[in-house]
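File shown: data-v2.tsv (TSV, C-alpha atoms and all ligand atoms).
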```tsv
chain	number	residue	atom	x	y	z
A	18	MET	CA	94.43	81.65	82.34
A	19	VAL	CA	95.62	84.02	79.63
A	20	GLN	CA	99.25	83.22	80.39
A	21	GLY	CA	98.47	79.52	80.22
A	22	ARG	CA	96.81	79.94	76.86
A	23	GLN	CA	99.67	82.01	75.48
A	24	ALA	CA	102.21	79.45	76.68
A	25	CYS	CA	100.18	76.78	74.97
A	26	LEU	CA	100.09	78.83	71.76
A	27	VAL	CA	103.84	79.33	71.82
A	28	SER	CA	104.46	75.61	72.10
A	29	GLU	CA	101.88	75.04	69.40
A	30	LYS	CA	103.68	77.56	67.19
A	31	ILE	CA	106.89	75.58	67.51
A	32	ARG	CA	105.13	72.33	66.76
A	33	LEU	CA	103.05	73.69	63.93
A	34	PHE	CA	105.55	74.38	61.27
A	35	THR	CA	103.43	72.24	59.03
A	36	VAL	CA	100.83	74.61	57.59
A	37	THR	CA	98.23	72.26	56.28
A	38	ASN	CA	98.95	69.96	53.46
A	39	HIS	CA	101.23	71.25	50.87
A	40	ARG	CA	103.81	69.74	48.67
A	41	HIS	CA	105.87	72.89	48.90
A	42	GLU	CA	106.08	73.41	52.63
A	43	SER	CA	109.64	74.58	52.38
A	44	ARG	CA	108.51	77.70	50.54
A	45	ILE	CA	106.31	78.77	53.45
A	46	CYS	CA	107.90	80.47	56.41
A	47	GLU	CA	106.78	79.63	59.88
A	48	VAL	CA	103.37	81.10	60.41
A	49	MET	CA	101.52	82.10	63.49
A	50	ALA	CA	99.67	79.27	65.22
A	51	PHE	CA	97.35	78.81	62.30
A	52	ARG	CA	95.82	75.41	61.87
A	53	PHE	CA	92.68	73.98	60.29
A	54	GLU	CA	91.18	70.78	61.61
A	55	ILE	CA	88.41	68.85	59.91
A	56	ILE	CA	86.23	67.24	62.53
A	57	LYS	CA	83.68	65.55	60.31
A	58	LYS	CA	82.80	65.21	56.64
A	59	ASP	CA	79.20	64.98	55.49
A	60	SER	CA	78.23	61.75	53.76
A	61	SER	CA	75.67	63.26	51.39
A	62	SER	CA	77.69	66.26	50.18
A	63	GLN	CA	81.14	67.86	50.25
A	64	ALA	CA	80.35	69.70	53.51
A	65	ARG	CA	82.90	69.64	56.31
A	66	LEU	CA	82.68	70.46	60.00
A	67	GLY	CA	85.93	72.02	61.17
A	68	ARG	CA	87.82	74.46	63.32
A	69	VAL	CA	90.27	77.22	62.39
A	70	ASN	CA	92.87	77.93	65.09
A	71	THR	CA	94.77	81.22	65.28
A	72	ASP	CA	96.87	83.15	67.80
A	73	HIS	CA	93.67	84.93	68.85
A	74	GLY	CA	91.62	81.81	69.45
A	75	SER	CA	89.64	79.61	67.14
A	76	PHE	CA	86.36	79.54	65.28
A	77	SER	CA	84.13	76.68	64.20
A	78	THR	CA	83.38	76.09	60.55
A	79	PRO	CA	81.19	76.42	58.58
A	80	ALA	CA	81.41	80.01	59.81
A	81	PHE	CA	80.08	83.43	58.96
A	82	LEU	CA	82.35	86.42	59.62
A	83	PRO	CA	80.46	89.70	60.09
A	84	VAL	CA	82.03	92.63	58.26
A	85	GLY	CA	83.77	95.26	60.38
A	86	THR	CA	84.49	97.64	57.54
A	87	GLN	CA	86.06	100.52	59.48
A	88	GLY	CA	87.27	98.46	62.45
A	89	SER	CA	83.73	98.16	63.78
A	90	VAL	CA	80.79	95.92	63.01
A	91	LYS	CA	78.44	98.84	62.57
A	92	SER	CA	76.57	99.80	65.75
A	93	LEU	CA	77.71	96.91	67.99
A	94	THR	CA	80.42	96.53	70.63
A	95	PRO	CA	82.77	93.51	70.71
A	96	GLU	CA	81.01	92.29	73.87
A	97	GLU	CA	77.68	92.34	72.04
A	98	LEU	CA	79.18	90.41	69.13
A	99	VAL	CA	80.51	87.76	71.51
A	100	GLU	CA	77.12	87.47	73.20
A	101	ILE	CA	75.52	86.92	69.79
A	102	GLY	CA	77.99	84.07	69.19
A	103	VAL	CA	80.39	85.76	66.74
A	104	GLU	CA	83.78	84.04	66.83
A	105	ALA	CA	85.69	85.92	64.09
A	106	ILE	CA	85.23	89.12	62.09
A	107	LEU	CA	86.49	90.64	58.86
A	108	GLY	CA	88.27	93.99	58.57
A	109	ASN	CA	88.73	95.96	55.37
A	110	THR	CA	92.35	96.70	54.57
A	111	TYR	CA	91.42	99.36	52.00
A	112	HIS	CA	89.40	101.40	54.49
A	113	LEU	CA	91.85	101.01	57.39
A	114	TYR	CA	94.82	101.86	55.15
A	115	LEU	CA	93.15	105.10	54.05
A	116	ARG	CA	91.75	105.98	57.48
A	117	PRO	CA	93.17	106.08	60.13
A	118	GLY	CA	96.18	104.45	58.41
A	119	HIS	CA	97.73	101.07	59.14
A	120	GLU	CA	100.83	102.66	60.67
A	121	THR	CA	98.71	104.55	63.19
A	122	ILE	CA	96.91	101.31	64.10
A	123	GLY	CA	100.25	99.51	64.32
A	124	ARG	CA	101.68	102.15	66.67
A	125	LEU	CA	98.59	101.77	68.85
A	126	GLY	CA	99.20	98.05	69.27
A	127	GLY	CA	97.51	96.56	66.21
A	128	LEU	CA	93.95	96.03	65.13
A	129	HIS	CA	92.91	93.75	68.00
A	130	ILE	CA	93.97	96.26	70.66
A	131	PHE	CA	92.82	99.29	68.64
A	132	THR	CA	89.30	97.85	68.21
A	133	HIS	CA	89.13	95.88	71.48
A	134	TRP	CA	88.17	92.74	69.46
A	135	GLU	CA	90.27	89.96	70.96
A	136	LYS	CA	89.19	87.07	68.74
A	137	PRO	CA	90.33	86.15	65.22
A	138	ILE	CA	90.35	88.79	62.49
A	139	LEU	CA	90.58	88.19	58.76
A	140	THR	CA	91.50	91.20	56.65
A	141	ASP	CA	90.73	91.35	52.96
A	142	SER	CA	93.41	92.66	50.64
A	143	GLY	CA	91.57	95.76	49.53
A	144	GLY	CA	91.39	94.45	45.97
A	145	PHE	CA	87.61	94.40	45.89
A	146	GLN	CA	87.33	97.99	47.22
A	147	ILE	CA	90.08	99.34	44.95
A	148	PHE	CA	88.21	97.98	41.96
A	149	SER	CA	84.73	98.95	43.17
A	150	LEU	CA	85.24	102.20	45.15
A	151	GLY	CA	88.52	103.71	43.99
A	152	SER	CA	88.44	105.81	40.87
A	153	LEU	CA	90.98	106.38	38.09
A	154	ARG	CA	92.65	103.09	38.89
A	155	LYS	CA	95.50	101.99	36.71
A	156	ILE	CA	96.77	98.44	36.80
A	157	SER	CA	100.31	97.51	35.89
A	158	GLU	CA	102.35	94.37	36.43
A	159	GLU	CA	103.92	96.06	39.45
A	160	GLY	CA	100.66	96.98	41.22
A	161	VAL	CA	97.63	99.23	41.13
A	162	THR	CA	97.34	103.01	41.34
A	163	PHE	CA	94.02	104.40	42.52
A	164	GLN	CA	92.47	107.50	43.98
A	165	SER	CA	91.00	107.44	47.47
A	166	HIS	CA	87.20	107.64	47.51
A	167	LEU	CA	87.59	109.88	50.61
A	168	ASP	CA	89.78	112.75	49.42
A	169	GLY	CA	90.95	111.92	45.91
A	170	SER	CA	94.55	111.35	47.04
A	171	SER	CA	96.58	109.03	44.84
A	172	HIS	CA	97.90	105.69	46.14
A	173	PHE	CA	99.99	102.89	44.70
A	174	LEU	CA	99.67	99.41	46.16
A	175	THR	CA	101.71	96.36	45.27
A	176	PRO	CA	101.13	92.76	46.39
A	177	GLU	CA	104.11	93.13	48.75
A	178	LYS	CA	102.75	96.36	50.25
A	179	VAL	CA	99.36	94.75	50.87
A	180	VAL	CA	101.01	91.89	52.79
A	181	GLU	CA	102.97	94.50	54.78
A	182	ILE	CA	99.83	96.51	55.62
A	183	GLN	CA	98.11	93.39	56.96
A	184	ARG	CA	101.28	92.47	58.91
A	185	VAL	CA	101.27	95.90	60.57
A	186	LEU	CA	97.54	95.60	61.32
A	187	GLY	CA	98.33	92.31	63.10
A	188	THR	CA	95.54	90.37	61.46
A	189	ASP	CA	95.22	86.59	61.87
A	190	ILE	CA	94.38	85.76	58.26
A	191	ALA	CA	95.65	87.96	55.44
A	192	MET	CA	94.52	87.90	51.82
A	193	VAL	CA	96.64	88.43	48.72
A	194	LEU	CA	96.04	91.41	46.44
A	195	ASP	CA	93.83	90.34	43.54
A	196	GLU	CA	91.82	91.90	40.77
A	197	CYS	CA	88.10	91.27	41.17
A	198	VAL	CA	86.71	91.55	37.65
A	199	PRO	CA	83.12	92.75	37.20
A	200	TYR	CA	80.37	90.55	35.79
A	201	PRO	CA	80.07	90.19	32.90
A	202	SER	CA	83.65	90.56	31.64
A	203	PRO	CA	84.94	89.22	28.34
A	204	TYR	CA	87.22	86.20	28.33
A	205	GLU	CA	89.95	88.28	26.70
A	206	TYR	CA	89.97	90.59	29.73
A	207	VAL	CA	89.53	87.94	32.44
A	208	LYS	CA	92.35	85.66	31.28
A	209	PRO	CA	95.28	88.12	31.58
A	210	SER	CA	93.74	89.55	34.75
A	211	MET	CA	93.56	86.09	36.37
A	212	GLU	CA	97.13	85.33	35.28
A	213	ARG	CA	98.35	88.59	36.81
A	214	THR	CA	96.44	87.82	40.03
A	215	SER	CA	98.32	84.49	40.16
A	216	ARG	CA	101.69	86.25	39.66
A	217	TRP	CA	100.74	88.74	42.38
A	218	ALA	CA	99.86	85.80	44.68
A	219	SER	CA	103.31	84.32	44.10
A	220	ARG	CA	104.96	87.66	44.93
A	221	SER	CA	102.81	87.95	48.07
A	222	LEU	CA	104.01	84.54	49.20
A	223	GLN	CA	107.64	85.42	48.51
A	224	SER	CA	107.34	88.59	50.59
A	225	ARG	CA	106.18	86.83	53.73
A	226	ARG	CA	108.24	86.95	56.90
A	227	GLU	CA	108.47	84.76	59.95
A	228	ASN	CA	105.45	85.04	62.24
A	229	ASP	CA	103.35	86.71	59.57
A	230	PRO	CA	99.61	86.08	59.55
A	231	ALA	CA	98.33	83.06	57.64
A	232	LEU	CA	98.10	83.97	53.96
A	233	PHE	CA	95.19	82.96	51.73
A	234	ALA	CA	95.18	83.03	47.93
A	235	ILE	CA	92.14	84.10	45.91
A	236	VAL	CA	90.90	82.06	42.97
A	237	GLN	CA	89.67	84.31	40.15
A	238	GLY	CA	88.71	83.66	36.54
A	239	GLY	CA	85.22	85.12	36.21
A	240	VAL	CA	82.60	82.61	35.11
A	241	HIS	CA	84.92	80.80	32.70
A	242	ARG	CA	85.55	77.20	33.69
A	243	ASP	CA	89.02	76.82	32.20
A	244	LEU	CA	90.20	80.08	33.78
A	245	ARG	CA	88.83	79.16	37.22
A	246	GLU	CA	90.51	75.76	36.97
A	247	GLU	CA	93.79	77.26	35.80
A	248	SER	CA	93.70	79.81	38.64
A	249	ALA	CA	92.99	77.15	41.28
A	250	ARG	CA	95.74	74.83	40.01
A	251	ALA	CA	98.35	77.61	39.86
A	252	LEU	CA	97.60	78.83	43.39
A	253	VAL	CA	97.50	75.34	44.90
A	254	GLU	CA	100.89	74.63	43.33
A	255	MET	CA	102.29	77.67	45.19
A	256	GLY	CA	101.03	76.37	48.55
A	257	PHE	CA	98.96	78.72	50.73
A	258	GLN	CA	97.44	78.21	54.18
A	259	GLY	CA	93.95	78.62	52.76
A	260	TYR	CA	92.10	79.42	49.56
A	261	ALA	CA	89.39	81.94	48.87
A	262	ILE	CA	87.08	82.04	45.91
A	263	GLY	CA	86.63	85.64	44.84
A	264	GLY	CA	84.81	87.50	42.11
A	265	LEU	CA	81.42	85.96	42.89
A	266	SER	CA	78.17	87.55	44.04
A	267	VAL	CA	78.93	90.43	41.68
A	268	GLY	CA	75.70	90.16	39.69
A	269	GLU	CA	75.98	86.72	38.09
A	270	PRO	CA	73.01	84.31	38.30
A	271	LYS	CA	73.00	82.09	41.40
A	272	SER	CA	73.27	78.96	39.30
A	273	MET	CA	76.47	80.34	37.77
A	274	MET	CA	77.95	81.00	41.20
A	275	MET	CA	77.25	77.37	42.14
A	276	ASP	CA	78.79	76.18	38.86
A	277	VAL	CA	82.00	78.07	39.67
A	278	LEU	CA	82.08	76.39	43.11
A	279	LYS	CA	81.48	72.96	41.55
A	280	TRP	CA	84.42	73.50	39.17
A	281	THR	CA	86.75	75.02	41.73
A	282	THR	CA	86.41	73.38	45.14
A	283	PRO	CA	87.41	69.86	43.97
A	284	LEU	CA	90.76	71.32	42.85
A	285	LEU	CA	91.54	72.86	46.24
A	286	PRO	CA	93.47	70.92	48.90
A	287	LYS	CA	91.08	68.87	51.01
A	288	ASP	CA	92.72	69.82	54.28
A	289	ALA	CA	93.01	73.60	53.78
A	290	PRO	CA	90.17	75.99	54.61
A	291	ARG	CA	88.06	77.39	51.75
A	292	TYR	CA	86.57	80.85	52.00
A	293	LEU	CA	83.83	82.19	49.75
A	294	MET	CA	84.20	85.98	49.72
A	295	GLY	CA	81.26	88.37	49.90
A	296	VAL	CA	78.54	85.69	50.07
A	297	GLY	CA	75.77	85.73	51.00
A	298	THR	CA	72.18	84.83	51.68
A	299	PRO	CA	71.36	81.96	54.04
A	300	GLU	CA	70.47	79.81	51.03
A	301	ASP	CA	73.74	80.68	49.24
A	302	MET	CA	75.65	79.62	52.33
A	303	ILE	CA	73.90	76.26	52.71
A	304	ASN	CA	74.45	75.52	49.01
A	305	ALA	CA	78.09	76.57	49.16
A	306	VAL	CA	78.73	74.56	52.35
A	307	SER	CA	77.35	71.48	50.59
A	308	LEU	CA	79.98	72.11	47.89
A	309	GLY	CA	82.80	72.21	50.43
A	310	ILE	CA	83.07	75.89	51.44
A	311	ASP	CA	84.09	76.50	55.07
A	312	PHE	CA	83.46	80.17	55.69
A	313	PHE	CA	81.90	83.37	54.45
A	314	ASP	CA	81.71	87.09	54.97
A	315	CYS	CA	79.00	89.43	53.76
A	316	VAL	CA	77.49	92.81	54.60
A	317	LEU	CA	73.99	91.42	54.02
A	318	PRO	CA	72.76	90.82	57.61
A	319	THR	CA	74.19	94.08	58.97
A	320	ARG	CA	73.29	96.29	55.99
A	321	ASN	CA	69.80	94.80	55.78
A	322	ALA	CA	69.34	95.43	59.50
A	323	ARG	CA	70.05	99.13	59.06
A	324	ASN	CA	67.59	99.21	56.15
A	325	GLY	CA	64.87	97.57	58.26
A	326	THR	CA	64.92	94.18	56.50
A	327	LEU	CA	64.97	91.40	59.06
A	328	PHE	CA	65.55	87.66	58.65
A	329	THR	CA	63.08	85.31	60.35
A	330	SER	CA	62.51	81.57	60.49
A	331	SER	CA	59.60	82.04	58.06
A	332	GLY	CA	61.20	84.50	55.62
A	333	LYS	CA	62.36	88.12	55.50
A	334	ILE	CA	60.19	90.97	56.75
A	335	SER	CA	60.39	94.73	56.21
A	336	ILE	CA	59.82	96.32	59.61
A	337	LYS	CA	58.73	99.66	58.12
A	338	GLN	CA	55.47	98.20	56.79
A	339	ALA	CA	52.21	99.59	58.22
A	340	ARG	CA	51.04	96.08	59.10
A	341	TYR	CA	53.46	96.08	62.06
A	342	ALA	CA	52.23	99.39	63.53
A	343	GLU	CA	50.43	97.70	66.41
A	344	ASP	CA	52.04	94.28	66.27
A	345	GLY	CA	53.10	93.40	69.81
A	346	ARG	CA	54.95	90.21	68.81
A	347	PRO	CA	58.74	89.97	68.56
A	348	ILE	CA	60.40	89.90	65.12
A	349	ASP	CA	60.52	86.11	65.32
A	350	GLU	CA	58.76	84.17	68.07
A	351	THR	CA	61.30	81.34	67.76
A	352	CYS	CA	64.32	83.66	68.14
A	353	ALA	CA	66.16	83.91	71.48
A	354	CYS	CA	68.14	87.08	70.69
A	355	TYR	CA	68.19	90.11	73.00
A	356	THR	CA	65.98	92.10	70.61
A	357	CYS	CA	63.32	89.40	70.33
A	358	ARG	CA	63.34	88.80	74.09
A	359	HIS	CA	62.54	92.45	74.88
A	360	TYR	CA	61.05	94.39	71.96
A	361	SER	CA	57.97	94.27	69.75
A	362	ARG	CA	57.69	94.70	66.01
A	363	ALA	CA	55.61	97.82	66.69
A	364	TYR	CA	58.41	99.41	68.74
A	365	LEU	CA	61.09	98.44	66.21
A	366	ARG	CA	58.96	99.94	63.41
A	367	HIS	CA	58.59	103.14	65.42
A	368	LEU	CA	62.37	103.34	66.03
A	369	TYR	CA	63.06	102.77	62.33
A	370	LEU	CA	60.59	105.46	61.17
A	371	ALA	CA	61.87	107.89	63.81
A	372	LYS	CA	65.45	107.21	62.58
A	373	GLU	CA	66.59	106.38	66.11
A	374	ILE	CA	70.14	105.00	66.50
A	375	LEU	CA	68.70	102.19	68.62
A	376	SER	CA	66.88	100.91	65.52
A	377	SER	CA	70.16	99.99	63.83
A	378	ARG	CA	71.51	98.42	66.99
A	379	LEU	CA	68.50	96.23	67.80
A	380	ASN	CA	67.98	95.18	64.17
A	381	THR	CA	71.68	94.31	63.76
A	382	ILE	CA	71.63	92.23	66.96
A	383	HIS	CA	68.69	90.24	65.60
A	384	ASN	CA	70.00	89.72	62.06
A	385	LEU	CA	73.47	88.67	63.20
A	386	TYR	CA	71.96	86.34	65.78
A	387	TYR	CA	69.84	84.82	63.01
A	388	TYR	CA	72.97	84.22	60.91
A	389	MET	CA	75.00	82.82	63.81
A	390	ASN	CA	72.15	80.55	64.84
A	391	LEU	CA	71.76	79.35	61.25
A	392	LEU	CA	75.46	78.40	61.22
A	393	VAL	CA	75.10	76.63	64.60
A	394	LYS	CA	72.22	74.61	63.16
A	395	MET	CA	74.14	73.92	59.96
A	396	ARG	CA	77.10	72.59	61.95
A	397	GLU	CA	74.78	70.40	64.04
A	398	ALA	CA	73.23	69.06	60.83
A	399	ILE	CA	76.67	68.14	59.43
A	400	ARG	CA	77.65	66.54	62.73
A	401	GLU	CA	74.48	64.46	62.68
A	402	GLY	CA	74.69	63.64	58.97
A	403	ARG	CA	71.46	65.42	57.99
A	404	LEU	CA	72.53	68.50	56.02
A	405	LEU	CA	70.25	67.63	53.10
A	406	GLU	CA	67.27	67.43	55.46
A	407	PHE	CA	68.32	70.78	56.97
A	408	TYR	CA	68.51	72.36	53.50
A	409	GLN	CA	65.04	71.08	52.57
A	410	SER	CA	63.50	72.18	55.85
A	411	HIS	CA	65.11	75.64	55.58
A	412	THR	CA	63.93	76.32	52.02
A	413	SER	CA	60.41	75.09	52.76
A	414	SER	CA	60.06	77.20	55.94
A	415	GLN	CA	61.28	80.25	54.00
A	416	GLY	CA	58.73	79.56	51.25
A	417	LEU	CA	61.55	79.52	48.72
A	418	GLU	CA	61.79	77.99	45.34
A	419	THR	CA	65.53	77.53	45.02
A	420	GLU	CA	67.02	79.12	41.95
A	421	CYS	CA	69.12	76.08	41.28
A	422	SER	CA	68.71	72.46	42.14
A	423	PRO	CA	70.21	71.34	45.43
A	424	PRO	CA	73.85	70.62	44.81
A	425	PHE	CA	73.91	67.61	47.10
A	426	GLN	CA	75.72	64.77	45.55
A	427	SER	CA	77.49	61.66	46.56
A	428	ASN	CA	81.00	61.95	47.89
A	429	GLY	CA	82.23	59.41	45.40
A	501	ZN	ZN	65.77	87.91	67.30
```
Give the structure from the file, written as C-alpha cells.
Amino acid sequence: MVQGRQACLVSEKIRLFTVTNHRHESRICEVMAFRFEIIKKDSSSQARLGRVNTDHGSFSTPAFLPVGTQGSVKSLTPEELVEIGVEAILGNTYHLYLRPGHETIGRLGGLHIFTHWEKPILTDSGGFQIFSLGSLRKISEEGVTFQSHLDGSSHFLTPEKVVEIQRVLGTDIAMVLDECVPYPSPYEYVKPSMERTSRWASRSLQSRRENDPALFAIVQGGVHRDLREESARALVEMGFQGYAIGGLSVGEPKSMMMDVLKWTTPLLPKDAPRYLMGVGTPEDMINAVSLGIDFFDCVLPTRNARNGTLFTSSGKISIKQARYAEDGRPIDETCACYTCRHYSRAYLRHLYLAKEILSSRLNTIHNLYYYMNLLVKMREAIREGRLLEFYQSHTSSQGLETECSPPFQSNG
C-alpha cells in the first residue's frame, strides 16, 4: 500500500510542476507534490471547500492545525491525534531550531520520523516567536539577531537560513521569515517593516531548491488598509504556493481583524490556499472561513484544555468550578470523544484540582475533538450550501452576541 502511494506521489510530482495559479511559474522550482484543489464554493459567502495535498498525505479545508510547539501536541500521541480526526499539525521552527536543533532532527531522519507524525506538517518561520519571545532583537536588512529565551545565546537568522532550517526539518509547508508587528503600531513603523517583509519573501523564494517544501508568503501591514493591500499585491506578484495572513489576533478588536480579511483575501489568488495564522476561537474561524480563509492554527483549544477551560456545544465551561464537584454528566452530552464517552465532569474536576497529568490529556482530547468536529460540520455546511445557517445556529447555541456583524455577503 505504502509503496503504491509513494509511486503515485512520484508520478504526481512529475505531473505537478504547475504550483497553483501563478503568472510567474517559471520563477518557482519544482516543489514537492503540493497541490490545492477547490471542491466547492459557497454561494452565500467567500467560503471554499477544498483539499491540500502534500507528500505526506492530504487534509480537507477549511482545516484547523493543532500546534505542536516542541514537536509534540502537548500531552497527546500521534495515534491519539489521528483518532480525534487531526489531519495536519503545525511545528514551531523557532523552538525546534533552538532545541534540539534542526540539524539534529535532520540527521535523525526529519521531523516526521523524529516525532512519529506521518501526516502533513506546516512549520512557521519563527518570526512570531523571535518578535514575541526573543529578547534584544535587532533587525537589519540582512536578517534578525536575537537572544534565545532558553539560555540567552545569540542567534542571527536570515530569510535564506529560515528556508534552509525548514528544508532540513523536512516540513511539507514552509513559511517565509516575516516581522509580526505588535498592535497597535504606528503607520511609520509598520510601512517599512511590511516592505522589508516583502523583500525577505522575495529572497526566500530565490533561495528555494528543487524538491523543497511548498513555500507560503505572509501578508503583513498591521491594521492599515493601504499597507495590507500593498503587501498582498507585492507577494502575489512574486508567486507563492499559498498565502498566509499574519499579524492578527495580537490584541486588535475582532471587527478590525475581519476588516483586514475583507481587504486582503480578495487580492489573493483564488486557487491558492489562504492561511490565517494564530486564529482562533470557533466564531473567529467561521467568520474567517466566510471571508475565504482555508486554514488556521492556534494554541487556544490545547492551552485552554490544560487550564481547565472546555468548549461545549452550549458554550465554554471552567471545569474547576465547585458546581461540577458531584456532576456525573460528561463535559458535553452531545460529544462523542473518548473523554466524554468515559469520564464525568466530577472526575475531570478532581483530576484538575489534584494536578494529575491525566487532566491535561483528557481535557486536550475533548477540546481538540470539539474543534475537529466543528470543522467537519463547517465543511458539511459549505458542501450543502448552508454556512450562514450554520453560523447562526452556532452563535445562538453558544449564547453569543457576535462582536461584529456576520460577514456573509453575495459572491458578486
Ligand atoms: Zn468530548
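Nearest residue to ligand ZN 501 (chain A) among A:Phe131, A:Tyr360, A:Tyr114, A:Tyr369 is A:Tyr360, counting all atoms listed in the file.
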Worksheet item: So how far away is atom CA of Ser89 of chain A from atom CA of Val180 of chain A, in Å?
Response: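 Atom-to-atom, atom CA of Val180 of chain A and atom CA of Ser89 of chain A are spaced 21.4 Å apart.
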Residues of chain A that approach ligand ZN 501 (chain A) to 6 Å or less, counting all atoms listed in the file: could you list each one with the shortest pair of atoms and its distance in Å to one decimal, rows by chain and increasing residue number, as a tab-separated table?
```
residue	atom	partner	partner_atom	distance
A:Asp349	CA	A:ZN501	ZN	5.9
A:Cys352	CA	A:ZN501	ZN	4.6
A:Ala353	CA	A:ZN501	ZN	5.8
A:Cys354	CA	A:ZN501	ZN	4.2
A:Thr356	CA	A:ZN501	ZN	5.3
A:Cys357	CA	A:ZN501	ZN	4.2
A:His383	CA	A:ZN501	ZN	4.1
```
Worksheet item: What separation in Å, quoted to one decimal, exists between atom CA of Asn70 of chain A and atom CA of Ile262 of chain A?
Response: 20.5 Å
Item to complete: Could you check how far atom CA of Gly169 of chain A sits from atom CA of Arg116 of chain A, in Å to one decimal?
Response: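 Separating atom CA of Gly169 of chain A from atom CA of Arg116 of chain A is a distance of 13.0 Å.
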Practice prompt. Would you please work out which residue, of A:Gln338, A:Thr132, A:Gln63, A:Thr326, is nearest to Gly85 of chain A when using only C-alpha atoms?
Written response: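 Among the listed residues, the smallest separation from Gly85 of chain A belongs to A:Thr132.
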Discussion item. So that I can check the surroundings of Ala249 of chain A, please list as a list in words every protein, DNA and RNA residue that reaches within 10 Å of it, counting all atoms listed in the file and ignoring chain neighbours fewer than 3 positions away.
Written reply: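 Selected residues are Ser215, Ala234, Ile235, Val236, Gln237, Gly238, Asp243, Leu244, Arg245, Glu246, Leu252, Val253, Glu254, Tyr260, Ala261, Ile262, Trp280, Thr281, Thr282, Pro283, Leu284, Leu285 and Pro286 of chain A.
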Discussion item. Please determine, counting only C-alpha atoms, which residue among A:Tyr200, A:Phe312, A:Phe257, A:Tyr408 has the shortest atom-to-atom distance to Ser62 of chain A.
Written reply: A:Tyr408
Sphere at (90.9, 72.9, 61.4), radius 10 Å, counting all atoms listed in the file: residues as a PDB file with C-alpha atoms, keeping the file's coordinate frame:
```pdb
ATOM      1  CA  THR A  37      98.230  72.260  56.280  1.00  0.00           C
ATOM      2  CA  PHE A  51      97.350  78.810  62.300  1.00  0.00           C
ATOM      3  CA  ARG A  52      95.820  75.410  61.870  1.00  0.00           C
ATOM      4  CA  PHE A  53      92.680  73.980  60.290  1.00  0.00           C
ATOM      5  CA  GLU A  54      91.180  70.780  61.610  1.00  0.00           C
ATOM      6  CA  ILE A  55      88.410  68.850  59.910  1.00  0.00           C
ATOM      7  CA  ILE A  56      86.230  67.240  62.530  1.00  0.00           C
ATOM      8  CA  LEU A  66      82.680  70.460  60.000  1.00  0.00           C
ATOM      9  CA  GLY A  67      85.930  72.020  61.170  1.00  0.00           C
ATOM     10  CA  ARG A  68      87.820  74.460  63.320  1.00  0.00           C
ATOM     11  CA  VAL A  69      90.270  77.220  62.390  1.00  0.00           C
ATOM     12  CA  ASN A  70      92.870  77.930  65.090  1.00  0.00           C
ATOM     13  CA  THR A  71      94.770  81.220  65.280  1.00  0.00           C
ATOM     14  CA  SER A  75      89.640  79.610  67.140  1.00  0.00           C
ATOM     15  CA  PHE A  76      86.360  79.540  65.280  1.00  0.00           C
ATOM     16  CA  SER A  77      84.130  76.680  64.200  1.00  0.00           C
ATOM     17  CA  THR A  78      83.380  76.090  60.550  1.00  0.00           C
ATOM     18  CA  ASP A 288      92.720  69.820  54.280  1.00  0.00           C
ATOM     19  CA  ALA A 289      93.010  73.600  53.780  1.00  0.00           C
ATOM     20  CA  PRO A 290      90.170  75.990  54.610  1.00  0.00           C
ATOM     21  CA  ASP A 311      84.090  76.500  55.070  1.00  0.00           C
TER      22      ASP A 311
END
```
Discussion item. Under the rule that all atoms listed in the file are counted, which of A:Ser221, A:Gln87, A:Asn228, A:Asn109 is the nearest residue to Gly144 of chain A?
Written reply: A:Asn109
Worksheet item: Which residues come within 8 Å of Asp189 of chain A, counting all atoms listed in the file, excluding same-chain residues fewer than 6 positions away, as a PyMOL selection string?
Response: chain A and resi 49+71-73+137-140+230-231
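Each of A:Thr351, A:Ser248, A:Thr412, A:Thr94 was compared to Val277 of chain A using only C-alpha atoms, and A:Ser248 turns out to be the nearest.
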Assuming 6 Å of padding per side, give the centre and edge lengths of the axis-aligned box around every listed atom of segment 314-323 of chain A, in Å to one decimal and as lines of an AutoDock Vina configuration file.
```
center_x = 75.5
center_y = 93.1
center_z = 56.6
size_x = 24.4
size_y = 24.0
size_z = 17.7
```
Worksheet entry | Residues near segment 270-274 of chain A, cut-off 12 Å, all atoms listed in the file, skip fewer than 2 positions along chain, as an NGL selection string | :A and (200-201 or 239-242 or 245 or 262-268 or 276-281 or 293-298 or 300-302 or 304-305 or 308 or 419-424)
